[in-house]
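Participant: Okay, so here is coords12.pdb, and as you'll see once you scroll down, it has PDB, C-alpha atoms.
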```
ATOM      1  CA  MET A 454      39.847 -47.014   6.391
ATOM      2  CA  ILE A 455      39.870 -43.241   5.755
ATOM      3  CA  PRO A 456      39.282 -41.185   8.944
ATOM      4  CA  VAL A 457      36.146 -39.057   9.041
ATOM      5  CA  HIS A 458      36.854 -35.456  10.100
ATOM      6  CA  ASN A 459      34.512 -33.102  11.937
ATOM      7  CA  ASP A 460      31.816 -31.500   9.712
ATOM      8  CA  LYS A 461      32.678 -27.963  10.833
ATOM      9  CA  SER A 462      36.249 -28.260   9.494
ATOM     10  CA  LEU A 463      34.885 -29.047   6.020
ATOM     11  CA  ILE A 464      32.572 -26.001   5.763
ATOM     12  CA  HIS A 465      33.791 -22.913   3.926
ATOM     13  CA  ARG A 466      32.326 -19.880   5.710
ATOM     14  CA  ALA A 467      31.292 -17.252   3.150
ATOM     15  CA  VAL A 468      31.902 -13.583   3.937
ATOM     16  CA  ILE A 469      28.586 -11.680   4.039
ATOM     17  CA  ILE A 470      28.790  -8.554   1.855
ATOM     18  CA  SER A 471      26.702  -5.579   3.030
ATOM     19  CA  ASP A 472      26.836  -3.826  -0.371
ATOM     20  CA  SER A 473      23.961  -5.191  -2.520
ATOM     21  CA  GLN A 474      25.733  -4.455  -5.814
ATOM     22  CA  LYS A 475      28.892  -6.308  -4.765
ATOM     23  CA  ALA A 476      26.785  -9.194  -3.476
ATOM     24  CA  ILE A 477      25.029  -9.524  -6.857
ATOM     25  CA  THR A 478      28.408  -9.397  -8.658
ATOM     26  CA  GLU A 479      29.795 -12.169  -6.436
ATOM     27  CA  PHE A 480      26.641 -14.248  -6.931
ATOM     28  CA  ILE A 481      26.824 -14.004 -10.769
ATOM     29  CA  ARG A 482      30.555 -14.779 -10.688
ATOM     30  CA  SER A 483      29.943 -17.843  -8.506
ATOM     31  CA  ARG A 484      27.175 -19.018 -10.855
ATOM     32  CA  ASN A 485      29.520 -18.716 -13.834
ATOM     33  CA  GLU A 486      32.253 -20.599 -12.002
ATOM     34  CA  LYS A 487      29.878 -23.507 -11.328
ATOM     35  CA  GLY A 488      29.772 -24.319 -15.057
ATOM     36  CA  THR A 489      33.595 -24.552 -15.433
ATOM     37  CA  ILE A 490      35.355 -27.908 -15.363
ATOM     38  CA  LYS A 491      38.072 -28.178 -12.743
ATOM     39  CA  LYS A 492      40.755 -30.769 -13.138
ATOM     40  CA  TYR A 493      42.385 -31.859  -9.929
ATOM     41  CA  PRO A 494      45.805 -33.530  -9.618
ATOM     42  CA  GLU A 495      45.915 -37.264  -9.356
ATOM     43  CA  TRP A 496      46.925 -37.180  -5.700
ATOM     44  CA  ASP A 497      43.759 -35.198  -4.866
ATOM     45  CA  VAL A 498      41.371 -37.742  -6.368
ATOM     46  CA  ALA A 499      38.922 -39.042  -3.731
ATOM     47  CA  ARG A 500      39.582 -42.585  -2.606
ATOM     48  CA  ALA A 501      36.958 -45.124  -3.373
ATOM     49  CA  GLY A 502      35.025 -46.358  -0.412
ATOM     50  CA  PRO A 503      31.938 -45.652   1.675
ATOM     51  CA  ALA A 504      33.745 -43.290   4.063
ATOM     52  CA  ALA A 505      34.976 -41.057   1.223
ATOM     53  CA  GLU A 506      31.532 -40.967  -0.320
ATOM     54  CA  LEU A 507      30.034 -40.002   3.046
ATOM     55  CA  VAL A 508      32.561 -37.158   3.533
ATOM     56  CA  LYS A 509      31.860 -35.791   0.058
ATOM     57  CA  THR A 510      28.136 -35.967   0.642
ATOM     58  CA  ARG A 511      28.449 -34.052   3.912
ATOM     59  CA  ARG A 512      30.518 -31.364   2.187
ATOM     60  CA  GLU A 513      27.864 -30.831  -0.406
ATOM     61  CA  LEU A 514      25.132 -30.727   2.248
ATOM     62  CA  ASN A 515      27.082 -28.142   4.266
ATOM     63  CA  SER A 516      27.604 -26.018   1.125
ATOM     64  CA  ALA A 517      23.868 -26.054   0.518
ATOM     65  CA  ASP A 518      23.258 -25.012   4.153
ATOM     66  CA  VAL A 519      25.693 -22.076   3.805
ATOM     67  CA  ALA A 520      23.976 -20.889   0.607
ATOM     68  CA  LEU A 521      20.588 -21.085   2.315
ATOM     69  CA  LYS A 522      21.890 -19.096   5.292
ATOM     70  CA  ILE A 523      23.214 -16.353   2.974
ATOM     71  CA  LYS A 524      19.821 -16.146   1.264
ATOM     72  CA  ARG A 525      18.097 -15.749   4.642
ATOM     73  CA  GLU A 526      20.455 -12.960   5.694
ATOM     74  CA  GLU A 527      19.913 -11.122   2.405
ATOM     75  CA  GLN A 528      16.152 -11.394   2.893
ATOM     76  CA  HIS A 529      16.496 -10.027   6.449
ATOM     77  CA  THR A 530      18.575  -7.047   5.208
ATOM     78  CA  LYS A 531      16.064  -6.234   2.467
ATOM     79  CA  ARG A 532      13.269  -6.383   5.026
ATOM     80  CA  LYS A 533      15.027  -3.821   7.230
ATOM     81  CA  ILE A 534      15.498  -1.467   4.253
ATOM     82  CA  MET A 535      11.826  -1.737   3.337
ATOM     83  CA  ASP A 536      10.761  -1.027   6.931
ATOM     84  CA  GLN A 537      12.986   2.054   6.990
ATOM     85  CA  GLN A 538      11.510   3.328   3.716
ATOM     86  CA  TRP A 539       8.012   2.757   5.068
ATOM     87  CA  ASP A 540       8.801   4.796   8.221
ATOM     88  CA  GLU A 541      10.143   7.642   6.055
ATOM     89  CA  LEU A 542       6.961   7.580   4.004
ATOM     90  CA  LYS A 543       4.841   7.853   7.157
ATOM     91  CA  SER A 544       6.893  10.858   8.347
ATOM     92  CA  LYS A 545       6.427  12.617   5.003
ATOM     93  CA  GLU A 546       2.714  11.928   5.102
ATOM     94  CA  LYS A 547       2.467  13.456   8.604
ATOM     95  CA  LEU A 548       4.334  16.612   7.483
ATOM     96  CA  LEU A 549       2.075  16.918   4.436
ATOM     97  CA  ARG A 550      -1.041  16.714   6.585
ATOM     98  CA  GLN A 551       0.259  19.405   8.930
ATOM     99  CA  SER A 552       1.036  21.678   5.970
ATOM    100  CA  PHE A 553      -2.431  21.093   4.563
ATOM    101  CA  ILE A 554      -4.062  22.068   7.891
ATOM    102  CA  LYS A 555      -2.050  25.305   8.075
ATOM    103  CA  PHE A 556      -2.867  26.183   4.462
ATOM    104  CA  ASN A 557      -6.550  25.486   5.012
ATOM    105  CA  LYS A 558      -6.590  27.793   8.027
ATOM    106  CA  PHE A 559      -4.857  30.563   6.020
ATOM    107  CA  VAL A 560      -7.358  30.279   3.151
ATOM    108  CA  LYS A 561     -10.280  30.309   5.578
ATOM    109  CA  GLU A 562      -9.044  33.542   7.184
ATOM    110  CA  ASN A 563      -8.680  35.183   3.759
ATOM    111  CA  TYR A 564     -12.199  34.131   2.829
ATOM    112  CA  GLU A 565     -13.563  35.629   6.041
ATOM    113  CA  LYS A 566     -11.754  38.946   5.418
ATOM    114  CA  ARG A 567     -13.042  39.091   1.866
ATOM    115  CA  ASP A 568     -16.593  38.333   3.008
ATOM    116  CA  ARG A 569     -16.454  41.131   5.577
ATOM    117  CA  ALA A 570     -15.147  43.603   2.970
ATOM    118  CA  GLU A 571     -17.808  42.603   0.467
ATOM    119  CA  HIS A 572     -20.447  42.846   3.149
ATOM    120  CA  LYS A 573     -19.418  46.412   4.000
ATOM    121  CA  ILE A 574     -19.413  47.428   0.332
ATOM    122  CA  ASN A 575     -22.888  45.996  -0.173
ATOM    123  CA  GLU A 576     -24.215  47.771   2.894
ATOM    124  CA  GLU A 577     -22.846  51.130   1.693
ATOM    125  CA  TYR A 578     -24.261  50.569  -1.768
ATOM    126  CA  GLU A 579     -27.690  49.717  -0.386
ATOM    127  CA  ARG A 580     -27.741  52.871   1.764
ATOM    128  CA  GLN A 581     -26.949  55.068  -1.246
ATOM    129  CA  MET A 582     -29.601  53.391  -3.365
ATOM    130  CA  LYS A 583     -32.236  53.831  -0.671
ATOM    131  CA  ARG A 584     -31.612  57.583  -0.623
ATOM    132  CA  LEU A 585     -31.953  57.885  -4.406
ATOM    133  CA  GLU A 586     -34.807  55.544  -5.102
ATOM    134  CA  ASP A 587     -38.421  56.340  -4.440
ATOM    135  CA  ALA A 588     -41.047  54.239  -2.764
ATOM    136  CA  GLU A 589     -42.040  52.445  -5.974
ATOM    137  CA  ASP A 590     -38.488  51.388  -6.761
ATOM    138  CA  SER A 591     -38.044  50.258  -3.149
ATOM    139  CA  ALA A 592     -41.157  48.129  -3.366
ATOM    140  CA  ASN A 593     -40.042  46.550  -6.660
ATOM    141  CA  LYS A 594     -36.626  45.813  -5.214
ATOM    142  CA  LEU A 595     -38.169  44.284  -2.136
ATOM    143  CA  ASN A 596     -40.325  41.969  -4.264
ATOM    144  CA  HIS A 597     -37.317  41.028  -6.372
ATOM    145  CA  MET A 598     -35.259  40.245  -3.270
ATOM    146  CA  LYS A 599     -38.037  38.065  -1.949
ATOM    147  CA  GLU A 600     -38.038  36.027  -5.170
ATOM    148  CA  ILE A 601     -34.268  35.593  -4.933
ATOM    149  CA  ARG A 602     -34.590  34.553  -1.309
ATOM    150  CA  ASP A 603     -37.205  31.923  -2.170
ATOM    151  CA  ASN A 604     -35.037  30.528  -4.972
ATOM    152  CA  MET A 605     -31.983  30.421  -2.749
ATOM    153  CA  GLN A 606     -33.903  28.640  -0.012
ATOM    154  CA  GLN A 607     -35.091  26.042  -2.528
ATOM    155  CA  HIS A 608     -31.535  25.435  -3.750
ATOM    156  CA  ILE A 609     -30.213  25.229  -0.197
ATOM    157  CA  LYS A 610     -32.931  22.804   0.785
ATOM    158  CA  LYS A 611     -32.247  20.688  -2.300
ATOM    159  CA  TYR A 612     -28.478  20.324  -1.776
ATOM    160  CA  LYS A 613     -28.395  20.374   2.024
ATOM    161  CA  ILE A 614     -28.789  16.572   2.242
ATOM    162  CA  TYR A 615     -25.328  15.943   0.801
ATOM    163  CA  GLN A 616     -23.548  18.178   3.267
ATOM    164  CA  THR A 617     -25.639  16.698   6.082
ATOM    165  CA  PHE A 618     -24.688  13.186   4.980
ATOM    166  CA  LEU A 619     -20.946  13.907   5.096
ATOM    167  CA  GLU A 620     -21.264  15.697   8.428
ATOM    168  CA  ARG A 621     -23.106  12.693   9.894
ATOM    169  CA  VAL A 622     -20.374  10.393   8.631
ATOM    170  CA  VAL A 623     -17.785  12.542  10.429
ATOM    171  CA  SER A 624     -19.785  12.742  13.673
ATOM    172  CA  GLU A 625     -20.985   9.124  13.877
ATOM    173  CA  THR A 626     -17.865   7.254  12.815
ATOM    174  CA  GLY A 627     -15.461   9.245  15.015
ATOM    175  CA  GLN A 628     -12.621   8.396  12.588
ATOM    176  CA  PHE A 629     -12.537  11.749  10.756
ATOM    177  CA  GLN A 630     -12.076  15.338  11.894
ATOM    178  CA  SER A 631     -13.658  16.935   8.808
ATOM    179  CA  ILE A 632     -15.136  16.133   5.395
ATOM    180  CA  ALA A 633     -11.718  16.678   3.806
ATOM    181  CA  ASP A 634     -10.334  13.816   5.940
ATOM    182  CA  ILE A 635     -12.753  11.410   4.232
ATOM    183  CA  PHE A 636     -11.319  12.261   0.808
ATOM    184  CA  ASN A 637      -7.759  12.007   2.169
ATOM    185  CA  ARG A 638      -8.484   8.605   3.737
ATOM    186  CA  TYR A 639      -9.855   7.294   0.436
ATOM    187  CA  GLU A 640      -6.797   8.419  -1.550
ATOM    188  CA  THR A 641      -4.466   6.982   1.103
ATOM    189  CA  LEU A 642      -6.204   3.596   1.026
ATOM    190  CA  VAL A 643      -6.020   3.398  -2.776
ATOM    191  CA  GLU A 644      -2.290   4.204  -2.774
ATOM    192  CA  ALA A 645      -1.623   1.714   0.047
ATOM    193  CA  LYS A 646      -3.518  -1.023  -1.796
ATOM    194  CA  GLU A 647      -1.494  -0.467  -4.984
ATOM    195  CA  ALA A 648       1.805  -0.429  -3.070
ATOM    196  CA  LEU A 649       0.939  -3.628  -1.166
ATOM    197  CA  SER A 650      -0.121  -5.395  -4.341
ATOM    198  CA  GLU A 651       3.098  -4.466  -6.153
ATOM    199  CA  ASN A 652       5.249  -5.443  -3.167
ATOM    200  CA  GLN A 653       3.478  -8.781  -2.825
ATOM    201  CA  ASP A 654       3.989  -9.595  -6.515
ATOM    202  CA  LYS A 655       7.712  -8.825  -6.287
ATOM    203  CA  LYS A 656       8.193 -10.993  -3.192
ATOM    204  CA  LEU A 657       6.247 -13.878  -4.696
ATOM    205  CA  GLN A 658       8.380 -13.689  -7.822
ATOM    206  CA  VAL A 659      11.569 -13.748  -5.744
ATOM    207  CA  LEU A 660      10.324 -16.728  -3.741
ATOM    208  CA  GLU A 661       9.356 -18.578  -6.889
ATOM    209  CA  THR A 662      12.752 -17.958  -8.508
ATOM    210  CA  THR A 663      14.605 -19.043  -5.359
ATOM    211  CA  GLY A 664      12.468 -22.160  -5.040
ATOM    212  CA  THR A 665      13.103 -23.115  -8.675
ATOM    213  CA  GLU A 666      16.860 -22.697  -8.293
ATOM    214  CA  MET A 667      16.918 -24.734  -5.099
ATOM    215  CA  TYR A 668      14.788 -27.410  -6.737
ATOM    216  CA  HIS A 669      17.162 -27.754  -9.704
ATOM    217  CA  MET A 670      20.188 -27.779  -7.424
ATOM    218  CA  THR A 671      18.611 -30.410  -5.207
ATOM    219  CA  GLU A 672      17.679 -32.524  -8.212
ATOM    220  CA  VAL A 673      21.235 -32.475  -9.535
ATOM    221  CA  LYS A 674      22.670 -33.336  -6.118
ATOM    222  CA  SER A 675      20.177 -36.143  -5.697
ATOM    223  CA  GLN A 676      21.192 -37.706  -9.009
ATOM    224  CA  ILE A 677      24.878 -37.516  -8.018
ATOM    225  CA  LEU A 678      24.115 -39.086  -4.645
ATOM    226  CA  MET A 679      22.173 -41.876  -6.297
ATOM    227  CA  GLY A 680      25.149 -42.662  -8.539
ATOM    228  CA  LEU A 681      27.654 -42.559  -5.696
ATOM    229  CA  ASN A 682      25.586 -44.550  -3.205
ATOM    230  CA  ASN A 683      25.109 -47.663  -5.359
ATOM    231  CA  LYS A 684      27.670 -49.485  -3.214
ATOM    232  CA  LEU A 685      25.839 -48.634   0.018
ATOM    233  CA  ALA A 686      22.842 -50.418   1.394
ATOM    234  CA  GLU A 687      19.681 -49.450  -0.494
ATOM    235  CA  ILE A 688      17.505 -48.982   2.572
ATOM    236  CA  GLN A 689      20.041 -46.733   4.382
ATOM    237  CA  GLY A 690      20.474 -44.524   1.304
ATOM    238  CA  LYS A 691      16.733 -43.971   0.915
ATOM    239  CA  PHE A 692      16.384 -43.086   4.591
ATOM    240  CA  ASP A 693      19.157 -40.434   4.453
ATOM    241  CA  ARG A 694      17.792 -38.746   1.320
ATOM    242  CA  ALA A 695      14.228 -38.701   2.645
ATOM    243  CA  LYS A 696      15.342 -37.159   5.944
ATOM    244  CA  ALA A 697      17.387 -34.417   4.221
ATOM    245  CA  GLU A 698      14.582 -33.576   1.804
ATOM    246  CA  ALA A 699      11.967 -33.416   4.586
ATOM    247  CA  LEU A 700      14.076 -31.066   6.727
ATOM    248  CA  LYS A 701      14.778 -28.700   3.836
ATOM    249  CA  TRP A 702      11.206 -28.412   2.604
ATOM    250  CA  GLU A 703       9.799 -28.046   6.117
ATOM    251  CA  THR A 704      12.014 -24.992   6.578
ATOM    252  CA  ILE A 705      10.925 -23.485   3.251
ATOM    253  CA  VAL A 706       7.244 -24.132   3.972
ATOM    254  CA  SER A 707       7.528 -22.463   7.403
ATOM    255  CA  GLN A 708       9.056 -19.343   5.873
ATOM    256  CA  ILE A 709       6.390 -19.144   3.166
ATOM    257  CA  LYS A 710       3.584 -19.574   5.729
ATOM    258  CA  ALA A 711       4.969 -16.780   7.921
ATOM    259  CA  ALA A 712       5.243 -14.364   4.960
ATOM    260  CA  ALA A 713       1.768 -15.289   3.703
ATOM    261  CA  ALA A 714       0.242 -14.767   7.169
ATOM    262  CA  ALA A 715       1.727 -11.257   7.448
ATOM    263  CA  LYS A 716       0.481 -10.245   3.997
ATOM    264  CA  ASN A 717      -2.917 -11.753   4.665
ATOM    265  CA  LEU A 718      -3.230  -9.664   7.849
ATOM    266  CA  GLU A 719      -2.421  -6.431   5.988
ATOM    267  CA  LEU A 720      -4.864  -7.259   3.194
ATOM    268  CA  THR A 721      -7.592  -8.082   5.735
ATOM    269  CA  GLN A 722      -7.206  -4.679   7.398
ATOM    270  CA  VAL A 723      -7.484  -2.843   4.068
ATOM    271  CA  ASN A 724     -10.555  -4.872   3.056
ATOM    272  CA  PHE A 725     -12.214  -4.176   6.419
ATOM    273  CA  CYS A 726     -11.785  -0.395   6.026
ATOM    274  CA  SER A 727     -13.110  -0.509   2.447
ATOM    275  CA  TRP A 728     -16.140  -2.591   3.457
ATOM    276  CA  ASN A 729     -16.944  -0.286   6.380
ATOM    277  CA  MET A 730     -16.930   2.854   4.179
ATOM    278  CA  TYR A 731     -18.998   1.146   1.485
ATOM    279  CA  GLN A 732     -21.670   0.042   3.995
ATOM    280  CA  GLN A 733     -21.890   3.526   5.511
ATOM    281  CA  ILE A 734     -22.354   5.142   2.076
ATOM    282  CA  CYS A 735     -25.075   2.648   1.113
ATOM    283  CA  LYS A 736     -26.816   3.252   4.461
ATOM    284  CA  ARG A 737     -26.790   7.080   4.092
ATOM    285  CA  LYS A 738     -27.995   6.940   0.468
ATOM    286  CA  GLY A 739     -30.645   4.315   1.236
ATOM    287  CA  LEU A 740     -29.213   1.795  -1.255
ATOM    288  CA  LEU A 741     -28.930  -1.945  -1.022
ATOM    289  CA  VAL A 742     -25.503  -3.514  -0.476
ATOM    290  CA  GLU A 743     -24.980  -5.164  -3.873
ATOM    291  CA  VAL A 744     -21.196  -5.629  -3.843
ATOM    292  CA  SER A 745     -19.903  -8.664  -2.007
ATOM    293  CA  ARG A 746     -17.653  -8.206   1.009
ATOM    294  CA  GLU A 747     -14.710  -9.901  -0.724
ATOM    295  CA  ASP A 748     -14.807  -7.534  -3.761
ATOM    296  CA  ALA A 749     -12.748  -4.667  -2.278
ATOM    297  CA  GLU A 750     -11.986  -3.147  -5.680
ATOM    298  CA  GLN A 751     -15.657  -2.569  -6.546
ATOM    299  CA  GLN A 752     -16.265  -1.161  -3.057
ATOM    300  CA  LEU A 753     -13.522   1.435  -3.518
ATOM    301  CA  VAL A 754     -14.852   2.291  -6.995
ATOM    302  CA  HIS A 755     -18.312   2.929  -5.499
ATOM    303  CA  VAL A 756     -16.836   5.106  -2.725
ATOM    304  CA  LYS A 757     -14.810   7.104  -5.255
ATOM    305  CA  ARG A 758     -17.844   7.620  -7.475
ATOM    306  CA  THR A 759     -19.913   8.893  -4.531
ATOM    307  CA  ILE A 760     -17.193  11.311  -3.423
ATOM    308  CA  LEU A 761     -16.776  12.708  -6.946
ATOM    309  CA  GLU A 762     -20.525  13.236  -7.200
ATOM    310  CA  LEU A 763     -20.564  15.147  -3.915
ATOM    311  CA  LYS A 764     -17.636  17.301  -5.032
ATOM    312  CA  ARG A 765     -19.336  18.106  -8.324
ATOM    313  CA  ILE A 766     -22.672  18.944  -6.664
ATOM    314  CA  THR A 767     -21.007  21.209  -4.087
ATOM    315  CA  LYS A 768     -19.017  23.010  -6.789
ATOM    316  CA  VAL A 769     -22.094  23.590  -8.983
ATOM    317  CA  ALA A 770     -24.149  24.876  -6.033
ATOM    318  CA  ALA A 771     -21.400  27.279  -4.985
ATOM    319  CA  LYS A 772     -20.999  28.671  -8.512
ATOM    320  CA  LYS A 773     -24.738  29.132  -8.963
ATOM    321  CA  ALA A 774     -25.143  30.867  -5.603
ATOM    322  CA  PHE A 775     -22.229  33.181  -6.405
ATOM    323  CA  ARG A 776     -23.716  34.137  -9.812
ATOM    324  CA  GLU A 777     -27.122  34.873  -8.353
ATOM    325  CA  ASP A 778     -25.656  36.912  -5.532
ATOM    326  CA  LYS A 779     -23.528  38.893  -7.997
ATOM    327  CA  GLY A 780     -26.526  39.525 -10.267
ATOM    328  CA  ALA A 781     -28.621  40.748  -7.361
ATOM    329  CA  THR A 782     -25.879  43.147  -6.265
ATOM    330  CA  THR A 783     -25.518  44.608  -9.787
ATOM    331  CA  LYS A 784     -29.213  45.314 -10.043
TER     332      LYS A 784
END
```
Please re-express this file's structure in structure tokens.
Facilitator:
Amino acid sequence: MIPVHNDKSLIHRAVIISDSQKAITEFIRSRNEKGTIKKYPEWDVARAGPAAELVKTRRELNSADVALKIKREEQHTKRKIMDQQWDELKSKEKLLRQSFIKFNKFVKENYEKRDRAEHKINEEYERQMKRLEDAEDSANKLNHMKEIRDNMQQHIKKYKIYQTFLERVVSETGQFQSIADIFNRYETLVEAKEALSENQDKKLQVLETTGTEMYHMTEVKSQILMGLNNKLAEIQGKFDRAKAEALKWETIVSQIKAAAAAKNLELTQVNFCSWNMYQQICKRKGLLVEVSREDAEQQLVHVKRTILELKRITKVAAKKAFREDKGATTK
């Protein structure tokens, strides 16, 4: 009878390569070598018998375990790289926000200086005109200024509701410091949703490819085992194959469930933020909530449409007020 050696002495430990390009090269080379036919010397031919068949089967099972372990380590390394890239992205976002705050403060100061200068010029101009104009011209100007004031008050009253709405959103939610933060939050959520969707598709594709390869490899090994185990007891052979298959697939299912749970948590958080903003907008505008809670894409479209409308209305009101003010000054 052929002696059965320890399983650990039959396992070839693969060297883990940190360089991803070298690892891919070694993987392709190993795949190509699998298709070659190796001819062994006559003295190396396995002896017939149940013990030899068992040793060969254990070797193949250990090889499959080593390949699975390498795949897990590669997945762990890729995960670390992705986490590092995500941290770098957060740091860049923080720097960009700080730069935006400084720039906004600088622009605001320039606007205040310009307003003060324009105010002084207008005051000087009005004093000169008062000295040159007579009582009739002063009365006509006063009537004209009253008409402009009434028109401006009507425009302000008409468009004040939009500014009030955004200010109430900022004050009641407590999540934003200013109206500009609402627009920034919307753009950030859209970009995060696209990045998460793309990342999820890539990972699902990798998992599907790996599962297909493992399935084909397992199928081939199972056929070989069936041919080699004809001399063994039928019941014992079925028990061993069923046990190996169950252990392998339980491990794969556990990994898939863990990845799916993490992605589901991230998607739930994004959907919750989108639903909250959509409900607040509908409440301020007095509209019914027509989009379902699960349709996050339509919610974000509605939020974007509302923000663009507010931007356009604010821009038109500012331009019109500036033109009227300029016309009044010229006269």
Participant: Provide the CA of His669 in chain A to CA of His529 in chain A distance in Å, to one decimal place.
Facilitator: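 That distance, rounded to one decimal, is 24.0 Å.
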Participant: Which is closer to Asp778 in chain A than all the others in A:Met605, A:Ile523, A:Leu718, A:Ile688, using only C-alpha atoms?
Facilitator: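 Answer, going by the shortest atom-to-atom distance: A:Met605.
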Participant: So what do you get for CA of Met679 in chain A versus CA of Phe692 in chain A, distance-wise?
Facilitator: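 Computing it gives 12.4 Å between the two atoms.
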Participant: In Å, with one decimal, what is the gap from CA of Val673 in chain A to CA of Asn515 in chain A?
Facilitator: 15.6 Å
Participant: Taking all atoms listed in the file into account, which of A:Val508, A:Val622, A:Ala697, A:Ala570 comes nearest Lys736 in chain A?
Facilitator: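 Smallest separation from Lys736 in chain A among the options: A:Val622.
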Participant: If you count all atoms listed in the file, which residues fall within 12 Å of Val723 in chain A, apart from same-chain ones fewer than 5 positions away, as number ranges by chain?
Facilitator: A: 638-639, 641-650, 716-718, 728-730, 746-750, 752-753
Participant: Can you turn the PyMOL selection byres ((chain A and resi 615) around 10) into a concrete residue list for this file, as a PDB file with C-alpha atoms, in the coordinates of the input?
Facilitator:
```pdb
ATOM      1  CA  LYS A 611     -32.247  20.688  -2.300  1.00  0.00           C
ATOM      2  CA  TYR A 612     -28.478  20.324  -1.776  1.00  0.00           C
ATOM      3  CA  LYS A 613     -28.395  20.374   2.024  1.00  0.00           C
ATOM      4  CA  ILE A 614     -28.789  16.572   2.242  1.00  0.00           C
ATOM      5  CA  GLN A 616     -23.548  18.178   3.267  1.00  0.00           C
ATOM      6  CA  THR A 617     -25.639  16.698   6.082  1.00  0.00           C
ATOM      7  CA  PHE A 618     -24.688  13.186   4.980  1.00  0.00           C
ATOM      8  CA  LEU A 619     -20.946  13.907   5.096  1.00  0.00           C
ATOM      9  CA  GLU A 620     -21.264  15.697   8.428  1.00  0.00           C
ATOM     10  CA  ARG A 621     -23.106  12.693   9.894  1.00  0.00           C
ATOM     11  CA  ARG A 737     -26.790   7.080   4.092  1.00  0.00           C
ATOM     12  CA  LYS A 738     -27.995   6.940   0.468  1.00  0.00           C
ATOM     13  CA  GLU A 762     -20.525  13.236  -7.200  1.00  0.00           C
ATOM     14  CA  LEU A 763     -20.564  15.147  -3.915  1.00  0.00           C
ATOM     15  CA  LYS A 764     -17.636  17.301  -5.032  1.00  0.00           C
ATOM     16  CA  ILE A 766     -22.672  18.944  -6.664  1.00  0.00           C
ATOM     17  CA  THR A 767     -21.007  21.209  -4.087  1.00  0.00           C
TER      18      THR A 767
END
```
